[in-house]
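S.K.: File follows, entry16.cif with mmCIF, C-alpha atoms:
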data_upload
loop_
_atom_site.label_atom_id
_atom_site.label_comp_id
_atom_site.auth_asym_id
_atom_site.auth_seq_id
_atom_site.Cartn_x
_atom_site.Cartn_y
_atom_site.Cartn_z
CA MET A 1 36.67 -1.67 -50.51
CA MET A 2 33.51 0.28 -51.20
CA THR A 3 30.98 -1.53 -53.31
CA ALA A 4 28.84 0.05 -55.98
CA ALA A 5 25.82 -0.57 -53.79
CA ARG A 6 27.38 1.59 -51.11
CA HIS A 7 27.85 4.45 -53.53
CA GLN A 8 24.33 4.22 -54.92
CA PRO A 9 22.08 2.68 -52.33
CA PRO A 10 18.61 1.69 -53.54
CA LEU A 11 15.74 3.99 -52.68
CA ASP A 12 12.94 1.45 -52.54
CA GLU A 13 12.18 0.54 -48.93
CA LYS A 14 12.24 -3.21 -49.50
CA GLU A 15 15.52 -3.02 -51.39
CA LEU A 16 16.95 -0.85 -48.66
CA VAL A 17 15.98 -3.43 -46.06
CA ASP A 18 17.50 -6.22 -48.15
CA SER A 19 20.74 -4.28 -48.62
CA ALA A 20 20.90 -3.42 -44.92
CA ARG A 21 20.33 -7.09 -44.10
CA ALA A 22 23.26 -7.95 -46.33
CA GLY A 23 25.39 -5.64 -44.18
CA ASP A 24 25.26 -2.39 -46.11
CA PRO A 25 25.32 0.37 -43.48
CA ASP A 26 24.60 3.08 -46.07
CA ALA A 27 21.27 1.49 -46.91
CA PHE A 28 20.41 1.33 -43.24
CA GLY A 29 21.53 4.94 -42.92
CA ILE A 30 18.89 5.95 -45.46
CA LEU A 31 16.25 4.03 -43.54
CA VAL A 32 17.31 5.83 -40.37
CA THR A 33 17.13 9.21 -42.08
CA ARG A 34 13.61 8.43 -43.27
CA HIS A 35 12.26 7.22 -39.95
CA GLN A 36 14.31 8.76 -37.14
CA ARG A 37 11.99 11.75 -36.69
CA ARG A 38 8.93 9.54 -36.30
CA VAL A 39 10.79 7.17 -33.97
CA TRP A 40 11.97 10.08 -31.84
CA LEU A 41 8.46 11.57 -31.66
CA VAL A 42 7.06 8.22 -30.56
CA CYS A 43 9.76 7.79 -27.91
CA ARG A 44 9.18 11.36 -26.79
CA GLN A 45 5.58 10.47 -25.90
CA TYR A 46 6.64 7.60 -23.66
CA VAL A 47 9.89 8.58 -21.95
CA GLY A 48 9.89 12.37 -22.16
CA PRO A 49 12.28 14.74 -23.88
CA ASP A 50 15.38 13.92 -21.83
CA GLU A 51 15.54 10.28 -22.83
CA ALA A 52 13.82 10.34 -26.19
CA ASP A 53 17.12 10.71 -28.05
CA ALA A 54 18.77 7.72 -26.36
CA ALA A 55 15.63 5.60 -26.56
CA SER A 56 15.12 6.30 -30.27
CA GLN A 57 18.78 5.55 -30.93
CA ASP A 58 18.46 2.22 -29.08
CA ALA A 59 15.31 1.39 -31.00
CA LEU A 60 16.94 2.01 -34.37
CA ILE A 61 20.00 -0.07 -33.47
CA LYS A 62 17.69 -2.87 -32.31
CA ALA A 63 15.86 -2.62 -35.61
CA TYR A 64 19.15 -3.18 -37.44
CA THR A 65 20.06 -6.22 -35.37
CA ARG A 66 16.58 -7.69 -35.90
CA LEU A 67 16.25 -7.02 -39.59
CA HIS A 68 16.12 -10.79 -40.18
CA ALA A 69 12.73 -10.77 -38.39
CA PHE A 70 11.19 -8.13 -40.64
CA ASP A 71 8.96 -10.09 -43.02
CA GLY A 72 7.51 -7.15 -44.93
CA ARG A 73 3.91 -7.91 -43.96
CA ALA A 74 3.67 -4.54 -42.22
CA ALA A 75 5.29 -1.34 -43.47
CA PHE A 76 8.84 -0.81 -42.25
CA SER A 77 7.68 2.36 -40.45
CA THR A 78 5.06 0.39 -38.50
CA TRP A 79 7.58 -2.32 -37.65
CA VAL A 80 10.21 0.13 -36.44
CA THR A 81 7.56 2.10 -34.50
CA ARG A 82 6.59 -1.07 -32.69
CA ILE A 83 10.23 -1.64 -31.77
CA ALA A 84 10.40 1.96 -30.51
CA ILE A 85 7.31 1.51 -28.34
CA ASN A 86 8.63 -1.77 -26.89
CA THR A 87 12.01 -0.19 -26.22
CA CYS A 88 10.33 2.63 -24.30
CA LEU A 89 8.07 0.29 -22.35
CA ASP A 90 11.11 -1.83 -21.41
CA LEU A 91 12.88 1.31 -20.24
CA LEU A 92 9.89 2.38 -18.14
CA ARG A 93 9.59 -1.11 -16.62
CA LYS A 94 13.30 -1.13 -15.83
CA ARG A 95 12.98 2.24 -14.13
CA ARG A 96 10.07 0.99 -12.09
CA ARG A 97 12.02 -2.13 -11.04
CA GLU A 98 14.96 -0.01 -10.00
CA GLY A 99 12.64 2.19 -7.96
CA LEU A 100 13.48 5.24 -9.95
CA ARG A 101 10.96 7.95 -10.55
CA VAL A 102 9.00 7.15 -13.64
CA VAL A 103 8.62 10.03 -16.02
CA GLU A 104 4.94 9.98 -16.74
CA THR A 105 3.83 9.79 -20.30
CA GLU A 106 2.70 13.38 -20.31
CA GLY A 107 6.37 14.19 -20.57
CA ASP A 108 8.75 15.93 -18.32
CA ASP A 109 9.25 19.35 -19.69
CA HIS A 110 11.45 20.69 -16.92
CA SER A 111 12.35 23.90 -18.59
CA PRO A 112 9.59 26.39 -19.28
CA ILE A 113 11.53 27.57 -22.31
CA LEU A 114 10.69 24.27 -23.98
CA ASP A 115 7.04 25.16 -23.68
CA ILE A 116 7.47 28.21 -25.86
CA PRO A 117 6.76 26.99 -29.38
CA ASP A 118 7.44 30.18 -31.23
CA HIS A 119 10.30 32.31 -29.99
CA ARG A 120 9.38 34.97 -32.49
CA ALA A 121 6.02 35.47 -30.79
CA GLY A 122 5.61 38.48 -28.53
CA PRO A 123 5.66 38.14 -24.75
CA GLU A 124 1.88 38.06 -24.51
CA GLU A 125 1.57 35.41 -27.18
CA GLN A 126 4.34 33.38 -25.56
CA ALA A 127 2.57 33.56 -22.22
CA HIS A 128 -0.66 32.44 -23.84
CA GLN A 129 1.03 29.54 -25.59
CA ARG A 130 2.73 28.50 -22.38
CA GLN A 131 -0.59 28.57 -20.56
CA THR A 132 -2.26 26.53 -23.31
CA ILE A 133 0.44 23.88 -23.13
CA ALA A 134 0.27 23.71 -19.35
CA LEU A 135 -3.51 23.29 -19.44
CA LEU A 136 -3.31 20.60 -22.09
CA LYS A 137 -0.61 18.70 -20.20
CA GLU A 138 -2.70 18.82 -17.05
CA ALA A 139 -5.78 17.62 -18.91
CA GLU A 140 -3.82 14.80 -20.59
CA ALA A 141 -2.69 13.60 -17.18
CA ASP A 142 -6.32 12.85 -16.29
CA LEU A 143 -6.80 10.51 -19.26
CA SER A 144 -6.46 6.76 -18.88
CA ASP A 145 -3.05 5.41 -19.91
CA ARG A 146 -4.42 3.89 -23.08
CA GLN A 147 -6.42 7.01 -24.03
CA ARG A 148 -3.35 9.19 -23.48
CA GLU A 149 -1.13 6.82 -25.45
CA VAL A 150 -3.46 6.80 -28.46
CA PHE A 151 -4.11 10.54 -28.30
CA ARG A 152 -0.42 11.37 -28.22
CA LEU A 153 0.52 8.96 -30.99
CA ARG A 154 -2.23 10.45 -33.16
CA PHE A 155 -1.69 14.15 -32.54
CA TYR A 156 1.96 14.49 -31.51
CA ALA A 157 3.62 11.59 -33.34
CA GLN A 158 1.13 12.17 -36.17
CA MET A 159 0.46 8.53 -36.82
CA SER A 160 -2.60 7.36 -38.75
CA LEU A 161 -5.29 5.35 -36.99
CA GLU A 162 -4.21 2.20 -38.82
CA GLU A 163 -0.56 2.71 -37.91
CA ILE A 164 -1.49 3.15 -34.26
CA ALA A 165 -3.64 0.03 -34.38
CA ASN A 166 -0.86 -2.02 -35.98
CA SER A 167 1.80 -0.68 -33.64
CA LEU A 168 -0.25 -1.39 -30.51
CA ASP A 169 -1.65 -4.63 -31.93
CA VAL A 170 -5.28 -3.60 -31.43
CA HIS A 171 -8.21 -3.12 -33.78
CA THR A 172 -8.65 0.20 -35.55
CA GLY A 173 -12.10 0.42 -33.97
CA THR A 174 -10.50 0.31 -30.53
CA VAL A 175 -8.17 3.14 -31.51
CA LYS A 176 -11.13 5.21 -32.74
CA THR A 177 -13.05 4.65 -29.51
CA LEU A 178 -10.06 5.55 -27.33
CA LEU A 179 -9.30 8.61 -29.41
CA HIS A 180 -12.89 9.82 -29.35
CA ARG A 181 -13.08 9.46 -25.57
CA ALA A 182 -9.75 11.19 -25.12
CA VAL A 183 -10.68 14.17 -27.27
CA HIS A 184 -14.12 14.44 -25.71
CA ARG A 185 -12.63 14.48 -22.24
CA LEU A 186 -9.85 16.91 -23.13
CA ARG A 187 -12.30 19.36 -24.68
CA ARG A 188 -14.36 19.19 -21.53
CA GLU A 189 -11.30 19.73 -19.31
CA LEU A 190 -10.09 22.61 -21.43
CA GLY A 191 -13.50 24.24 -21.35
CA ASP A 192 -13.88 24.07 -25.11
CA ILE A 193 -17.34 22.62 -24.79
CA ARG A 194 -20.17 25.08 -25.19
CA MET B 1 -33.10 21.12 -39.47
CA ASN B 2 -29.69 22.62 -38.98
CA LEU B 3 -28.71 21.66 -35.42
CA HIS B 4 -25.20 22.32 -34.14
CA LEU B 5 -22.95 19.37 -33.52
CA ASP B 6 -23.27 17.90 -30.05
CA ASP B 7 -20.27 17.23 -27.78
CA HIS B 8 -19.64 13.76 -29.13
CA GLU B 9 -19.92 14.83 -32.75
CA MET B 10 -17.61 17.73 -32.02
CA ALA B 11 -15.11 15.30 -30.47
CA SER B 12 -15.34 13.08 -33.54
CA ALA B 13 -14.71 16.06 -35.80
CA ALA B 14 -11.74 17.20 -33.71
CA ALA B 15 -10.31 13.68 -33.65
CA GLY B 16 -10.65 13.41 -37.42
CA LEU B 17 -13.16 10.57 -37.15
CA THR B 18 -16.05 9.93 -39.47
CA LEU B 19 -19.12 12.18 -39.25
CA GLU B 20 -22.53 11.64 -40.79
CA PRO B 21 -22.78 13.47 -44.13
CA GLU B 22 -25.36 16.01 -42.89
CA LYS B 23 -23.24 16.77 -39.82
CA LEU B 24 -20.19 17.19 -41.97
CA ALA B 25 -22.14 19.56 -44.21
CA HIS B 26 -23.23 21.53 -41.17
CA LEU B 27 -19.69 21.77 -39.88
CA GLU B 28 -18.50 23.17 -43.18
CA GLY B 29 -21.10 25.92 -43.08
CA CYS B 30 -21.25 26.73 -39.35
CA VAL B 31 -18.66 29.20 -38.09
CA SER B 32 -19.49 28.44 -34.47
CA CYS B 33 -18.99 24.66 -34.72
CA ARG B 34 -15.92 25.03 -36.90
CA SER B 35 -14.26 27.51 -34.53
CA SER B 36 -14.89 25.16 -31.63
CA VAL B 37 -13.12 22.33 -33.45
CA THR B 38 -10.34 24.66 -34.62
CA LEU B 39 -9.80 25.99 -31.10
CA PHE B 40 -9.05 22.49 -29.84
CA LEU B 41 -6.78 21.65 -32.76
CA ASP B 42 -4.89 24.93 -32.27
CA GLN B 43 -4.23 24.03 -28.65
CA VAL B 44 -2.99 20.58 -29.62
CA ASN B 45 -0.82 21.96 -32.42
CA THR B 46 0.74 24.48 -30.06
CA ARG B 47 1.88 21.64 -27.85
CA ARG B 48 3.02 19.54 -30.80
CA ARG B 49 5.16 22.38 -32.18
CA ALA B 50 6.71 22.84 -28.75
CA MET B 51 7.71 19.17 -28.76
CA GLU B 52 9.19 19.41 -32.22
CA GLU B 53 11.49 22.19 -31.01
CA GLU B 54 13.09 19.65 -28.69
CA THR B 55 14.18 17.36 -31.49
CA PRO B 56 17.84 16.34 -31.52
CA ASP B 57 20.40 17.00 -34.23
CA TRP B 58 19.37 14.32 -36.73
CA ASP B 59 22.76 14.10 -38.46
CA ALA B 60 24.53 13.64 -35.14
CA GLN B 61 22.04 10.94 -34.14
CA LEU B 62 22.51 9.17 -37.47
CA LYS B 63 26.28 9.18 -36.98
CA ARG B 64 25.96 7.79 -33.45
CA ILE B 65 23.67 5.04 -34.69
CA LEU B 66 25.92 4.05 -37.59
CA ASP B 67 28.95 4.06 -35.28
CA ALA B 68 27.18 1.77 -32.85
CA LEU B 69 26.01 -0.79 -35.41
CA PRO B 70 27.49 -4.28 -35.14
CA PRO B 71 29.57 -5.36 -38.19
CA ALA B 72 26.59 -7.14 -39.75
CA PRO B 73 23.00 -7.63 -38.74
CA VAL B 74 22.11 -10.96 -37.20
CA THR B 75 20.85 -13.34 -39.85
CA SER B 76 18.00 -15.75 -39.40
CA ILE B 77 20.50 -18.60 -39.89
CA ALA B 78 22.58 -17.28 -37.02
CA VAL B 79 19.47 -17.06 -34.88
CA ARG B 80 18.64 -20.67 -35.74
CA ARG B 81 22.22 -21.68 -34.92
CA ARG B 82 21.91 -20.00 -31.55
CA TRP B 83 19.09 -22.40 -30.74
CA LEU B 84 20.78 -25.34 -32.42
CA ARG B 85 23.82 -25.43 -30.13
CA PRO B 86 22.09 -26.27 -26.81
CA LEU B 87 19.80 -28.66 -28.67
CA LEU B 88 22.77 -30.57 -30.07
CA ALA B 89 24.43 -30.66 -26.64
CA ALA B 90 21.29 -32.14 -25.09
CA ALA B 91 20.99 -34.71 -27.88
CA ALA B 92 24.66 -35.73 -27.46
CA THR B 93 24.23 -36.18 -23.69
CA LEU B 94 21.16 -38.33 -24.22
CA THR B 95 22.95 -40.48 -26.80
CA ILE B 96 25.91 -41.07 -24.46
CA ALA B 97 23.60 -42.00 -21.59
CA ILE B 98 21.63 -44.49 -23.69
CA GLY B 99 24.84 -45.97 -25.21
CA THR B 100 26.42 -46.50 -21.80
CA GLY B 101 23.28 -48.22 -20.55
CA LEU B 102 23.20 -50.59 -23.52
CA PHE B 103 26.92 -51.42 -23.19
CA ILE B 104 26.58 -52.41 -19.55
CA HIS B 105 23.50 -54.45 -20.27
CA GLN B 106 25.04 -56.33 -23.20
CA ASN B 107 28.32 -57.18 -21.37
CA GLY B 108 26.33 -59.21 -18.88
CA SER B 109 27.49 -57.64 -15.68
CA ALA B 110 25.45 -59.33 -12.97
CA PRO B 111 23.05 -57.38 -11.03
CA ALA B 112 24.51 -55.94 -7.83
CA SER B 113 22.75 -58.50 -5.61
CA SER B 114 20.82 -61.60 -6.56
CA PRO B 115 18.21 -62.62 -4.05
CA ARG B 116 19.23 -65.57 -1.84
CA PRO B 117 16.96 -68.62 -1.87
CA GLU B 118 14.93 -68.68 1.28
CA ILE B 119 15.91 -71.36 3.88
CA GLY B 120 12.99 -73.28 5.18
CA VAL B 121 12.16 -73.39 8.91
CA GLU B 122 12.54 -77.15 8.98
CA GLU B 123 16.10 -76.92 7.71
CA ILE B 124 17.04 -74.39 10.42
CA LEU B 125 15.61 -76.59 13.16
CA ALA B 126 17.51 -79.62 11.78
CA GLN B 127 20.78 -77.67 11.89
CA ALA B 128 20.08 -76.70 15.54
CA ASP B 129 19.33 -80.31 16.49
CA SER B 130 22.57 -81.64 14.96
CA LEU B 131 24.52 -79.00 16.83
CA LEU B 132 22.98 -79.94 20.16
CA ALA B 133 23.56 -83.64 19.42
CA GLU B 134 27.30 -83.04 19.40
CA ASP B 135 26.90 -82.24 23.15
CA SER B 136 29.18 -79.39 22.80
CA ILE B 137 28.53 -75.72 23.00
CA PRO B 138 30.79 -73.76 20.71
CA GLY B 139 33.28 -71.67 22.69
CA LEU B 140 32.84 -73.76 25.87
CA ASP B 141 34.95 -76.73 24.67
CA ILE B 142 37.50 -76.25 27.48
CA PHE B 143 34.94 -77.46 30.02
CA ASP B 144 34.28 -80.72 28.16
CA ASP B 145 37.30 -82.52 29.73
CA ILE B 146 36.32 -81.74 33.36
CA THR B 147 35.03 -84.81 35.24
CA ASP B 148 32.53 -85.03 38.09
CA ASP B 149 35.38 -85.80 40.53
CA ASP B 150 37.16 -82.65 39.50
CA LEU B 151 33.99 -80.71 40.23
CA ALA B 152 33.49 -82.37 43.65
CA ALA B 153 37.05 -81.65 44.59
CA LEU B 154 36.65 -78.09 43.45
CA PHE B 155 33.39 -77.36 45.35
CA GLY B 156 34.53 -79.37 48.44
CA ALA B 157 37.61 -77.28 48.78
CA GLN B 158 35.53 -74.09 48.47
CA ASN B 159 33.04 -75.25 51.20
CA SER B 160 35.71 -76.23 53.72
#
Turn the structure described in the file into structure tokens.

M.R.:
Amino acid sequence: MMTAARHQPPLDEKELVDSARAGDPDAFGILVTRHQRRVWLVCRQYVGPDEADAASQDALIKAYTRLHAFDGRAAFSTWVTRIAINTCLDLLRKRRREGLRVVETEGDDHSPILDIPDHRAGPEEQAHQRQTIALLKEAEADLSDRQREVFRLRFYAQMSLEEIANSLDVHTGTVKTLLHRAVHRLRRELGDIR
Amino acid sequence: MNLHLDDHEMASAAAGLTLEPEKLAHLEGCVSCRSSVTLFLDQVNTRRRAMEEETPDWDAQLKRILDALPPAPVTSIAVRRRWLRPLLAAAATLTIAIGTGLFIHQNGSAPASSPRPEIGVEEILAQADSLLAEDSIPGLDIFDDITDDDLAALFGAQNS
């Protein structure tokens, strides 16, 4: 029998978590809807486009099974992002143990069509965009792992400095330093420096 | 002075980090510095938009997630119970072991072997003397009835 709570799930994040904890899948569904894009974008930075969907799905299911551990000290988005990062790191470690090729964190965009951001752009513009993306990917590959991780979480997953710091369990100052070095190096590699 | 931003300041601006107020003011008014920062951000945004085109069908993902959820999330009580079970088993084993030990001890079962009192050397020698005094060597009793004549007759017959 459907309960009233299932028909009208609460919209406040804490109430949603409480309802989901009590076994209300609709409440958890709302949480998923709110955070799945971010979780996917984070996973995309670690495991590449091919596995980002499965990894983000795993992360969100894990979040549901571990709701009892969410104490509300951090925002739910930060908590679930941390689960997503750990899920991806576990996946990468498992791949390494199994001797499989590790998809580097710069992603694995096999198909050039994926590098075309705007299909409405003309051929010249598309070629330019493709070249820009290729150059940036190449430059990112030269960053240290930590610099690349922070850079990608900031610019591609669009996380704030504080969210990155909380998710990686480091100080915000460390994030700022890593980000500054990453951007400085990328600008140099891309020839943006005068 | 109205110096352009240096490489590090430009990187800070592009990364969205804090700039000194005068540098920030310069950036707002300098087309050259601003275009340099914008160029980098355009490149990054081009790549970000490309990634966002790869995103899955969110509704389909939501359905897959909801279908895969266990009936109810694990509760903290259940997690505690998961640890409680082996702990209780260990405690029960320990209790049985201690109880068995006490039972055996209280029912006075003698130790497996009590040490024998040592026999003194003098006593052993006395036993040997009494044995020799009997003029009989155990196991050789059959020879005790043979006389000297029997022996002479025996050896005489052998020598002849």

S.K.: Within 9 Å of chain A, which residues belong to chain B? Use only C-alpha atoms and report them as a count of residues only.

M.R.: 45

S.K.: When you draw a straight line from atom CA of A:Asp18 to atom CA of A:Arg82, how long is it in Å?

M.R.: 19.6 Å

S.K.: How would you write as a short mmCIF file (atom, residue, chain, number, x, y, z; two decimals) with C-alpha atoms, keeping the file's coordinate frame the residues that get within 9 Å of (5.9, 3.8, -32.3) in the file's frame, counting all atoms listed in the file?

M.R.:
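What landed in result.cif:
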data_model
loop_
_atom_site.label_atom_id
_atom_site.label_comp_id
_atom_site.auth_asym_id
_atom_site.auth_seq_id
_atom_site.Cartn_x
_atom_site.Cartn_y
_atom_site.Cartn_z
CA ARG A 38 8.93 9.54 -36.30
CA VAL A 39 10.79 7.17 -33.97
CA TRP A 40 11.97 10.08 -31.84
CA LEU A 41 8.46 11.57 -31.66
CA VAL A 42 7.06 8.22 -30.56
CA CYS A 43 9.76 7.79 -27.91
CA SER A 77 7.68 2.36 -40.45
CA THR A 78 5.06 0.39 -38.50
CA TRP A 79 7.58 -2.32 -37.65
CA VAL A 80 10.21 0.13 -36.44
CA THR A 81 7.56 2.10 -34.50
CA ARG A 82 6.59 -1.07 -32.69
CA ILE A 83 10.23 -1.64 -31.77
CA ALA A 84 10.40 1.96 -30.51
CA ILE A 85 7.31 1.51 -28.34
CA ASN A 86 8.63 -1.77 -26.89
CA LEU A 153 0.52 8.96 -30.99
CA ALA A 157 3.62 11.59 -33.34
CA MET A 159 0.46 8.53 -36.82
CA GLU A 163 -0.56 2.71 -37.91
CA ILE A 164 -1.49 3.15 -34.26
CA SER A 167 1.80 -0.68 -33.64
CA LEU A 168 -0.25 -1.39 -30.51
#

S.K.: Restricting the calculation to all atoms listed in the file: of A:Glu189, A:Leu31, A:Leu178, A:Ser160, which residue gets closest to A:Asp142?

M.R.: A:Glu189

S.K.: One decimal, in Å: what's the spacing between atom CA of B:Asp6 and atom CA of A:Ala165?

M.R.: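 Interatomic distance here is 26.9 Å.
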
S.K.: Between atom CA of B:Leu5 and atom CA of A:Val170, what is the distance, to one decimal in Å?

M.R.: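 Separation between atom CA of B:Leu5 and atom CA of A:Val170: 29.1 Å.
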
S.K.: Hey, can you pull every residue with an atom no more than 10 Å from (10.3, -8.2, -45.5), using only C-alpha atoms, and send it as a compact mmCIF listing (two decimals) with C-alpha atoms, in the frame of the given file?

M.R.:
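The file below, point-v2.txt, is the result:
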# COMPACT_ATOMS: atom_id res chain seq x y z
CA GLU A 13 12.18 0.54 -48.93
CA LYS A 14 12.24 -3.21 -49.50
CA GLU A 15 15.52 -3.02 -51.39
CA VAL A 17 15.98 -3.43 -46.06
CA ASP A 18 17.50 -6.22 -48.15
CA LEU A 67 16.25 -7.02 -39.59
CA HIS A 68 16.12 -10.79 -40.18
CA ALA A 69 12.73 -10.77 -38.39
CA PHE A 70 11.19 -8.13 -40.64
CA ASP A 71 8.96 -10.09 -43.02
CA GLY A 72 7.51 -7.15 -44.93
CA ARG A 73 3.91 -7.91 -43.96
CA ALA A 74 3.67 -4.54 -42.22
CA ALA A 75 5.29 -1.34 -43.47
CA PHE A 76 8.84 -0.81 -42.25
